[in-house]
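Take a look at the structure set out below.
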Amino acid sequence: MNAPFNDTVPAAQADPDAEQPYASLGLKDDEYARIKDILGRRPTDAELAMYSVMWSEHCSYKSSKVHLRYFGETTTPEMNEKILAGIGENAGVVDIGDGHAVTFRVESHNHPSYVEPHQGAATGVGGIVRDIMAMGARPVAVMDQLRFGPADAPDTKRVLPGVVDGVGGYGNCLGLPNIGGETVFDESYAGNPLVNALCVGTLKVEDLKLAFASGLGNKVMLFGSRTGLDGIGGVSVLASDTFEEGAERKLPAVQVGDPFAEKVLIECCLDLYKAGVVVGIQDLGGAGLSCATSELAAAGDGGMLVNLDMVPLRAENMTAAEILASESQERMCAVVTPDNVEKFTEICAHWDVTCAEIGEVTDNDHLVITHRGEVVVDAPAHTIAHQGPVYERPWARPAWQDELQQFQGVEKPADLRQALLRMVSSSALCSRAFITEQYDRYVRGNTVLAQNSDAGVLRIDETTGRGVAVSADASGRYTKLDPNTGARLALAEAYRNVAVTGATPVAVTNCLNFGSPENPDVMWQFREAVHGLADGCAELGIPVSGGNVSFYNQTGTEPILPTPVVGVLGVIDDVAERIGHTLGTVDGPEELYVVGATFDEFGGSIWQQVSGGGLNGMPPAVDLANEQKLVELFTGPRVVTAAHDVSEGGLAQAVAELAMTSGDGVGVDIDVAAVHEDPFVALFSESASRAVVATTDGAALEARARELGIPCVKLGRTNTDKQLRVAGQFDVPVAELRKAWAGTLPEIFGHAVGANSVVE
């Protein structure tokens with residue numbers, strides 16, 4: 001952006017017909033005309049920069065707002081009883097009892113992670129962590145949802161190592177445990193990987209902070225890293241358009257992260273909160289200072305005067321537009337009363353955090369910004385932050401949807417033993433240890449469950465043992481077949497993953513990843529997914545606390561699989577009572593059961609994918625009342641010793657994972673005849689609302705299942721000869737399974753980051 005030094009408000013008034021590059025900044029003709037109507041003149045270059053980033057798809061939600069309102073229409077006051085901060089805030093905040101609150105959110109950083117994988121992913125983690133900090137919380141854990149093209153594709157070998165290194169490097173340096181996530185491979189993500197980062201934070205209920213500028217004369221403080229030229233036109237612009245060939249060369253638009261600066265910033269913020277010197281606070285992420293100043297002012301009871309000459313810079317001769325649009329990382333903006341400025345600066349100095357007073361709250365609704373003694377912005381703050389365009393994009397059920405939903409059948413293997421080995425070694429189901437071993441899972445000492453667990457479990461209160469469980473899930477394959485059902489299935493799986501740990505689900509967050517909103521097929525998928533998720537949450541009585549929309553995820557005209565990532569937060573009164581995911585933790589053999597019913601359902605399944613059947617049919621049916629029954633089973637009287645949900649790969653994968661991730665001396669003997677008359681269906685169907693459980697008291701489990709109306713079928717028991725035996729079908733040593741399961745990703749990516757990781 002090459003704005004002239006003297007493009008001020010008086011200059012804009014004096015030269016109303018100056019040509020401006022609004023189209024290259026992503027603004028449409030009518031949007032530019034509307035800006036001129038709002039201002040009564042053409043915008044200055046700085047104003048144009050602010051409106052362009054704040055009215056971008058990423059920041060304004062201009063194509064999704066009309067559909068996202070449905071969440072509010074389906075949420076009851078009873079559902080929101082425990083929500084302290086919800087949709088529209090930096091992150092959702094949930095009251096978990098005893099004065100404790102937990103905040104969590106998931107954000108996308110997809111396009112930057114394709115352009116520059118390491119920094120794109122790293123700054124995605126940094127951004128979501130600052131969202132959590134802005135609520136007054138201490139970040140305590142991160143998770144990630146990663147999706148790439150085929151594992152053996154050349155560009156995946158470029159992108160995946162950098163993304164994993166970025167996620168792990170930033171989180172590890174911050175000292176935050178990575179407690180779970182997903183890594184998915186599919187052709188549709190080949191030119192547009194998804195990097196969704198989730199963060200969890202804790203705070204006392206009374207310490208909640210919100211983003212608003214209130215109090216005439218209160219000071220605006222910018223603190224953290226200096227502002228540079230990195231990230232200009234970053235996530236706010238990159239995420240608001242499709243990728244074309246050569247997009248990976250847009251390097252200057254990608255932010256550069258410094259996790260050590262962010263670690264210090266976390267501690268500085270917590271000390272500022274403890275000292276009570278913060279009135280309102282906002283992080284600087286997408287759209288940088290443009291977002292922080294306009295949103296703080298728009299959410300307050302006045303306007304704001306900002307002097308860009310006071311902004312600490314790390315590049316010379318930056319224009320006002322560049323300062324306002326820069327997405328340099330590790331920065332926060334706070335509103336402070338005049339009498340607390342000295343204390344605020346003292347705390348920043350203690351942590352060696354750069355701090356500057358850049359403005360103050362005024363008594364009107366305008367955001368006025370000066371640079372080099374001249375007014376370069378003078379606009380109603382709410383028009384920048386909250387009055388972007390709202391589009392009712394055309395949507396229509398795709399003409400190809402009916403054909404896609406016609407199930408073409410699947411190849412039933414003659415050799416079920418070989419089929420199992422093929423499944424566990426596939427890139428869809430193989431061990432992710434090659435990735436997760438690059439993350440620190442136990443730093444801070446409060447991680448209770450992480451690797452191989454269905455949900456990450458954290459201790460929140462060291463005195464009482466109160467904790468939370470968090471899971472995030474999605475299936476783009478299911479959602480492509482039926483977007484409404486696909487979103488409900490994502491909700492059901494995340495809900496179930498939390499339940500099998502013994503936690504009670506209490507809140508939902510989401511990250512909705514879709515193609516171009518200008519495509520009616522995509523908008524239909526989006527609308528259906530939103531309705532499926534909202535209606536599903538209403539059925540479960542669990543609120544959506546916030547979310548993120550990521551559009552334009554496609555290369556050229558080919559969109560990704562529609563991917564609504566759904567995160568669920570659960571509460572457990574004492575993490576010592578959580579349900580584990582490993583066998584052999586008690587003396588003697590354990591009996592194995594499958595709870596929930598199994599049907600012949602292979603549409604969108606992993607077997608369909610691995611066997612070369614493509615993608616067709618309908619996804620599994622989902623009855624959320626059955627998911628609620630499972631919560632009652634796992635949170636009621638303790639009748640199980642271990643549990644693992646049944647999802648991708650079916651019962652065979654669930655049992656195999658239990659065996660492979662348990663002690664070396666543990667095997668299992670099972671008989672699937674009572675599960676389904678067809679052993680292939682019994683082993684590989686992906687019917688929902690199911691889990692494999694272990695128990696030392698089968699009679700008690702069966703009685704409890706009958707009481708709740710849950711189908712409960714005995715599978716078999718553990719053995720000590722390290723075999724997985726399926727009666728009448730096959731035997732396979734657990735060691736052979738584990739070797740097949742563990743070897744796939746190191747073989748593909750051993751050339752890159754983590755080549756020396758120990759994978760067992």
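Note on naming: chains are A, B, ... as they come in the structure tokens, residues start from 1 per chain, ligands start from 1 in the order shown.
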
Taking only segment 338-397 of chain A into account, list the residues labelled alpha helix (DSSP H) by DSSP (computed from the backbone), as a ChimeraX atom specification. /A:341-350,381-385

Sel. of strand (DSSP E or B) residues, segment 384-580 of chain A, as a ChimeraX atom specification: /A:447-449,456-459,467-473,504-513,544-550,554-555,558-559,563-572,580

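Nearest-residue note for Asn519 of chain A: choosing from A:Asp731, A:Glu19, A:Glu558, A:Asp131, the minimum distance belongs to A:Glu558, counting only C-alpha atoms.
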
Restricting the calculation to only C-alpha atoms, which member of A:Tyr189, A:Tyr478, A:Trp395, A:Tyr593 is positioned closest to Gly149 of chain A?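 Nearest candidate to Gly149 of chain A out of A:Tyr189, A:Tyr478, A:Trp395, A:Tyr593: A:Tyr189.
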
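Look at Met318 of chain A: the protein and nucleic acid residues within 12 Å of it, using only C-alpha atoms and passing over chain neighbours fewer than 2 places away, are A:Met1, A:Asn2, A:Ala3, A:Pro4, A:Phe5, A:Ala46, A:Thr227, A:Gly228, A:Leu229, A:Asp230, A:Ile232, A:Leu308, A:Asp309, A:Val311, A:Pro312, A:Leu313, A:Arg314, A:Ala315, A:Glu316, A:Ala320, A:Ala321, A:Glu322, A:Ile323, A:Leu324, A:Ala325, A:Ser326, A:His371, A:Arg372.
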
Requested write-out: N, CA, C and O atoms of the selected residues, as a JSON list (two decimals), in the first residue's frame:
```
[["chain", "number", "residue", "atom", "x", "y", "z"],
["A", 1, "MET", "N", 0.85, -1.18, 0.00],
["A", 1, "MET", "CA", 0.00, 0.00, 0.00],
["A", 1, "MET", "C", 0.89, 1.23, 0.00],
["A", 1, "MET", "O", 1.73, 1.38, 0.87],
["A", 2, "ASN", "N", 0.75, 2.07, -1.00],
["A", 2, "ASN", "CA", 1.63, 3.23, -1.16],
["A", 2, "ASN", "C", 0.86, 4.53, -0.99],
["A", 2, "ASN", "O", 0.79, 5.37, -1.88],
["A", 3, "ALA", "N", 0.25, 4.69, 0.18],
["A", 3, "ALA", "CA", -0.51, 5.91, 0.43],
["A", 3, "ALA", "C", 0.44, 7.09, 0.53],
["A", 3, "ALA", "O", 1.48, 7.01, 1.17],
["A", 4, "PRO", "N", 0.09, 8.23, -0.06],
["A", 4, "PRO", "CA", 0.96, 9.40, 0.05],
["A", 4, "PRO", "C", 0.94, 9.94, 1.47],
["A", 4, "PRO", "O", -0.06, 9.85, 2.17],
["A", 5, "PHE", "N", 2.05, 10.56, 1.87],
["A", 5, "PHE", "CA", 2.18, 11.09, 3.23],
["A", 5, "PHE", "C", 1.11, 12.12, 3.53],
["A", 5, "PHE", "O", 0.59, 12.22, 4.63],
["A", 46, "ALA", "N", -5.84, 6.00, 4.65],
["A", 46, "ALA", "CA", -5.89, 5.30, 5.94],
["A", 46, "ALA", "C", -7.31, 4.80, 6.21],
["A", 46, "ALA", "O", -7.50, 3.67, 6.68],
["A", 227, "THR", "N", 5.13, -2.42, 16.06],
["A", 227, "THR", "CA", 4.36, -2.60, 14.83],
["A", 227, "THR", "C", 5.29, -2.50, 13.63],
["A", 227, "THR", "O", 6.06, -1.54, 13.50],
["A", 228, "GLY", "N", 5.20, -3.51, 12.75],
["A", 228, "GLY", "CA", 6.07, -3.54, 11.57],
["A", 228, "GLY", "C", 5.28, -3.75, 10.30],
["A", 228, "GLY", "O", 4.05, -3.67, 10.27],
["A", 229, "LEU", "N", 5.99, -4.03, 9.24],
["A", 229, "LEU", "CA", 5.37, -4.20, 7.92],
["A", 229, "LEU", "C", 4.87, -5.61, 7.68],
["A", 229, "LEU", "O", 4.23, -5.87, 6.66],
["A", 230, "ASP", "N", 5.17, -6.55, 8.60],
["A", 230, "ASP", "CA", 4.72, -7.93, 8.40],
["A", 230, "ASP", "C", 3.22, -8.03, 8.63],
["A", 230, "ASP", "O", 2.66, -7.39, 9.49],
["A", 232, "ILE", "N", 0.77, -7.11, 6.67],
["A", 232, "ILE", "CA", -0.13, -6.15, 6.02],
["A", 232, "ILE", "C", -0.90, -6.88, 4.91],
["A", 232, "ILE", "O", -0.31, -7.54, 4.07],
["A", 308, "LEU", "N", -1.17, 8.17, 15.88],
["A", 308, "LEU", "CA", -0.29, 7.12, 15.37],
["A", 308, "LEU", "C", 1.19, 7.44, 15.57],
["A", 308, "LEU", "O", 2.03, 6.54, 15.50],
["A", 309, "ASP", "N", 1.52, 8.71, 15.82],
["A", 309, "ASP", "CA", 2.91, 9.06, 16.08],
["A", 309, "ASP", "C", 3.43, 8.41, 17.36],
["A", 309, "ASP", "O", 4.64, 8.29, 17.55],
["A", 311, "VAL", "N", 2.66, 5.28, 18.28],
["A", 311, "VAL", "CA", 2.73, 3.82, 18.12],
["A", 311, "VAL", "C", 4.19, 3.39, 17.95],
["A", 311, "VAL", "O", 4.87, 3.87, 17.02],
["A", 312, "PRO", "N", 4.70, 2.51, 18.81],
["A", 312, "PRO", "CA", 6.08, 2.04, 18.66],
["A", 312, "PRO", "C", 6.23, 1.22, 17.37],
["A", 312, "PRO", "O", 5.47, 0.26, 17.15],
["A", 313, "LEU", "N", 7.17, 1.61, 16.52],
["A", 313, "LEU", "CA", 7.34, 0.97, 15.21],
["A", 313, "LEU", "C", 8.67, 0.23, 15.14],
["A", 313, "LEU", "O", 9.63, 0.57, 15.84],
["A", 314, "ARG", "N", 8.71, -0.77, 14.26],
["A", 314, "ARG", "CA", 9.99, -1.43, 14.00],
["A", 314, "ARG", "C", 10.39, -1.31, 12.53],
["A", 314, "ARG", "O", 11.27, -2.04, 12.07],
["A", 315, "ALA", "N", 9.73, -0.42, 11.82],
["A", 315, "ALA", "CA", 10.11, -0.12, 10.44],
["A", 315, "ALA", "C", 10.01, 1.39, 10.25],
["A", 315, "ALA", "O", 9.18, 2.07, 10.86],
["A", 316, "GLU", "N", 10.87, 1.93, 9.42],
["A", 316, "GLU", "CA", 10.89, 3.38, 9.20],
["A", 316, "GLU", "C", 9.89, 3.79, 8.12],
["A", 316, "GLU", "O", 9.56, 3.03, 7.22],
["A", 320, "ALA", "N", 0.33, 5.88, 7.57],
["A", 320, "ALA", "CA", -0.79, 5.65, 8.49],
["A", 320, "ALA", "C", -1.54, 4.39, 8.11],
["A", 320, "ALA", "O", -1.93, 3.59, 8.97],
["A", 321, "ALA", "N", -1.77, 4.20, 6.81],
["A", 321, "ALA", "CA", -2.49, 3.02, 6.36],
["A", 321, "ALA", "C", -1.75, 1.74, 6.73],
["A", 321, "ALA", "O", -2.35, 0.75, 7.14],
["A", 322, "GLU", "N", -0.43, 1.76, 6.59],
["A", 322, "GLU", "CA", 0.36, 0.58, 6.93],
["A", 322, "GLU", "C", 0.33, 0.30, 8.42],
["A", 322, "GLU", "O", 0.22, -0.86, 8.85],
["A", 323, "ILE", "N", 0.42, 1.34, 9.24],
["A", 323, "ILE", "CA", 0.36, 1.15, 10.70],
["A", 323, "ILE", "C", -0.98, 0.56, 11.11],
["A", 323, "ILE", "O", -1.05, -0.35, 11.94],
["A", 324, "LEU", "N", -2.05, 1.05, 10.50],
["A", 324, "LEU", "CA", -3.39, 0.60, 10.87],
["A", 324, "LEU", "C", -3.70, -0.80, 10.36],
["A", 324, "LEU", "O", -4.45, -1.56, 11.00],
["A", 325, "ALA", "N", -3.14, -1.19, 9.21],
["A", 325, "ALA", "CA", -3.46, -2.49, 8.62],
["A", 325, "ALA", "C", -2.49, -3.58, 9.03],
["A", 325, "ALA", "O", -2.77, -4.77, 8.81],
["A", 326, "SER", "N", -1.34, -3.21, 9.60],
["A", 326, "SER", "CA", -0.35, -4.22, 9.98],
["A", 326, "SER", "C", -0.93, -5.23, 10.95],
["A", 326, "SER", "O", -1.66, -4.87, 11.88],
["A", 371, "HIS", "N", -1.85, 11.48, 12.31],
["A", 371, "HIS", "CA", -0.52, 10.99, 11.97],
["A", 371, "HIS", "C", 0.31, 12.16, 11.48],
["A", 371, "HIS", "O", -0.12, 12.89, 10.57],
["A", 372, "ARG", "N", 1.45, 12.36, 12.12],
["A", 372, "ARG", "CA", 2.34, 13.46, 11.76],
["A", 372, "ARG", "C", 1.61, 14.80, 11.80],
["A", 372, "ARG", "O", 1.78, 15.66, 10.94]]
```

For each of A:Gly614, A:Gly201, A:Gly181, A:Gly698, take the minimum atom-to-atom distance to Asn452 of chain A, counting only C-alpha atoms, then give the residue where this is smallest.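 For Asn452 of chain A, the nearest of the candidates is A:Gly181.
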
Contact residues around Gly169 of chain A with only C-alpha atoms at 9 Å, ignoring same-chain residues under 4 positions, as a ChimeraX atom specification: /A:118,122,164-165,173-174,259,438-439

Kindly save the residues from that selection, with N, CA, C and O atoms included, as a short mmCIF file (atom, residue, chain, number, x, y, z; two decimals), in the first residue's frame.
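The new file again32.cif reads:
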```cif
data_model
loop_
_atom_site.label_atom_id
_atom_site.label_comp_id
_atom_site.auth_asym_id
_atom_site.auth_seq_id
_atom_site.Cartn_x
_atom_site.Cartn_y
_atom_site.Cartn_z
N HIS A 118 4.99 -22.66 8.38
CA HIS A 118 5.42 -22.51 9.77
C HIS A 118 4.83 -21.27 10.41
O HIS A 118 4.17 -21.35 11.45
N ALA A 122 1.98 -21.01 13.27
CA ALA A 122 2.45 -20.46 14.55
C ALA A 122 1.63 -19.24 14.96
O ALA A 122 1.19 -19.12 16.11
N VAL A 164 3.05 -28.37 11.37
CA VAL A 164 3.23 -29.07 12.64
C VAL A 164 4.34 -28.40 13.46
O VAL A 164 4.21 -28.22 14.67
N ASP A 165 5.42 -28.01 12.78
CA ASP A 165 6.51 -27.33 13.48
C ASP A 165 6.04 -25.98 14.02
O ASP A 165 6.43 -25.57 15.11
N CYS A 173 6.89 -23.23 23.14
CA CYS A 173 7.60 -22.07 23.69
C CYS A 173 6.74 -21.29 24.68
O CYS A 173 7.26 -20.70 25.64
N LEU A 174 5.44 -21.29 24.46
CA LEU A 174 4.54 -20.62 25.40
C LEU A 174 4.37 -21.42 26.70
O LEU A 174 3.86 -20.89 27.68
N PRO A 259 6.99 -16.39 19.90
CA PRO A 259 6.30 -16.97 21.06
C PRO A 259 6.86 -16.52 22.40
O PRO A 259 6.13 -16.45 23.39
N GLN A 438 5.71 -34.19 18.62
CA GLN A 438 6.41 -32.91 18.49
C GLN A 438 5.79 -31.83 19.37
O GLN A 438 6.29 -30.72 19.43
N TYR A 439 4.70 -32.18 20.05
CA TYR A 439 4.03 -31.25 20.95
C TYR A 439 4.28 -31.65 22.39
O TYR A 439 4.34 -32.84 22.73
#
```

Which polymer residues have any atom within 10 Å of an atom of Cys348 of chain A, counting only C-alpha atoms, with same-chain residues fewer than 4 positions away left out, as a list in words? Phe223, Gly224, Val264, Leu265, Glu267, Cys268, Cys269, Asp271, Leu272, Glu342, Lys343, Phe344, Asp352, Val353, Thr354, Cys355 and Ala356 of chain A
